[in-house]
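All remarks here apply to the structure that follows.
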Amino acid sequence: MEAVSCIFCGDRGTRPYHEENGYQAVSCDGCGLVFVTPRPSEAEMKRLYEGQETKVDLGLQIRNVERATYEARRALDLVGRYQPSGRLLEIGCAAGYFLREALRRGYDPTGIDITGPFVRYATDVLGVDAREGTLASVELPPASFDVVYHRNVLSHLAYPLDAFRQMRSLLRPGGLMVYQTGNVAELPGERWAGTNELDLPDHLYHFGERQLRMLAERTGFETLDVRRYALLLHEPAPRAALLHLQSLFRKNHKNGAPAKEQKNKPAPFVVPNDVPRARLLHSLEVLVDGYITYDLGAVAPKEGRRATLVVVARAR
Ligand SMILES: [Zn+2]
């Protein structure tokens, strides 16, 4: 375990924020950034991540083609307003559905992901350019991209400043970065009491709009827009109702549901040969969720609410 201090302020003092899975997240007295300290050493984190690969339900992520495609379309609608074509890099491309959608819209996309089976699926089945590894391990030519995109990746990065500087170096001057993350640091720690919702220590850093602007400022980006969508479905009451509805729904529509794996002996994952067929009811569920999050969530009162933030920044 290693103790870390705030990436922006150094040792300005911290206060306890939330505890989960035996890990402590603190809030910086200087800027409000929330981060895990002490945290597993780099070697331990690598081991945790490798362990996590087996924890992620790869088959489920690949079957979830409707949701992934929907999210990709929403994101590309926004990217397209600023940069309608060109070389695009997705960091954390998972099964590659965003890359496929970007290709359809005329971009020249490349993705990287640490999970080998995802990369094989994206390459062999979707026919997109995906490479296995991290920003540090995959060789990409500097100043060669027009767009960098990532979704729910930032909180996992052990060194956010270094990673953002590297993303900056991959963009041509004036290139665009669009990414999505949460707003945890804007909410009081009590919001999470008794839950595992912060996913510690997989999520090492939690930001809010203020800290995201600081991150951009220090890594060579100009923040152009921060869009805020209230996660209405994550409020305690709707969340409980939704989970209940989903459990009813899943009971009645088992087609394509994964067989329950035995705890000690997970079946080895086999990369499918084909893209799963879109399921009508599932597509409908995704549309309703999307409407609630991105349409109602954009206009709902956001004060004190959990939100997803979509940031548009330009390389200076
Ligand atoms: Zn700080």
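Labels used: A, B, ... for chains in the order of the structure tokens, numbers from 1 for residues in each chain, and numbers from 1 for ligands as shown.
Backbone DSSP assigns strand (DSSP E) in region 70-128 of chain A to Gly86, Arg87, Leu88, Leu89, Glu90, Ile91, Tyr107, Asp108, Pro109, Thr110, Gly111, Ile112 and Asp113 of chain A.
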| query | Among region 110-169 of chain A, which ones does DSSP place in alpha helix (DSSP H), written as a ChimeraX atom specification? | reply | /A:116-124,160-169
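Here CA of Leu89 (chain A) stands at a distance of 18.5 Å from CA of Leu161 (chain A).
Near Gly106 (chain A), within a cut-off of 9 Å and counting only C-alpha atoms, sit the residues Pro84, Ser85, Gly86, Glu101 and Ala102 of chain A, with same-chain residues fewer than 4 positions away left out.
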Please dump the current selection as a short mmCIF file (atom, residue, chain, number, x, y, z; two decimals), in the first residue's frame; keep C-alpha atoms.
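Here's the written file selection.cif:
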data_model
loop_
_atom_site.label_atom_id
_atom_site.label_comp_id
_atom_site.auth_asym_id
_atom_site.auth_seq_id
_atom_site.Cartn_x
_atom_site.Cartn_y
_atom_site.Cartn_z
CA PRO A 84 -17.25 15.72 -37.97
CA SER A 85 -14.44 13.57 -39.42
CA GLY A 86 -10.81 12.54 -39.02
CA GLU A 101 -20.35 3.44 -35.05
CA ALA A 102 -17.54 5.97 -35.58
#
| Shell of 6 Å around ligand 1 (only C-alpha atoms and all ligand atoms), written as a PyMOL selection string | chain A and resi 6+8-9+28+30-33
| request: Write out as a ChimeraX atom specification the residues lying within 8 Å of region 185-200 of chain A, counting only C-alpha atoms and excluding same-chain residues fewer than 5 positions away. | output: /A:17-21,23,25,27,32-34,36,206-209,304-306
| 9 Å contact set for region 141-151 of chain A, only C-alpha atoms, chain neighbours under 6 positions out, as JSON, numbers by chain | {"A": [75, 79, 83, 85, 86, 87, 88, 89, 90, 91, 92, 93, 166, 167, 168, 169, 170, 171, 172, 173, 174, 175, 176, 177, 178, 179, 180, 181, 310]}
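Between Arg100 (chain A) and the residues A:Val271, A:Ala122, A:Ala230, A:Ala240, the shortest atom-to-atom distance, using only C-alpha atoms, involves A:Ala122.
Of the listed residues A:Leu248, A:Ala313, A:Leu157, A:Met45, the one whose atoms come nearest to Gly220 (chain A) is A:Ala313, with distances taken using only C-alpha atoms.
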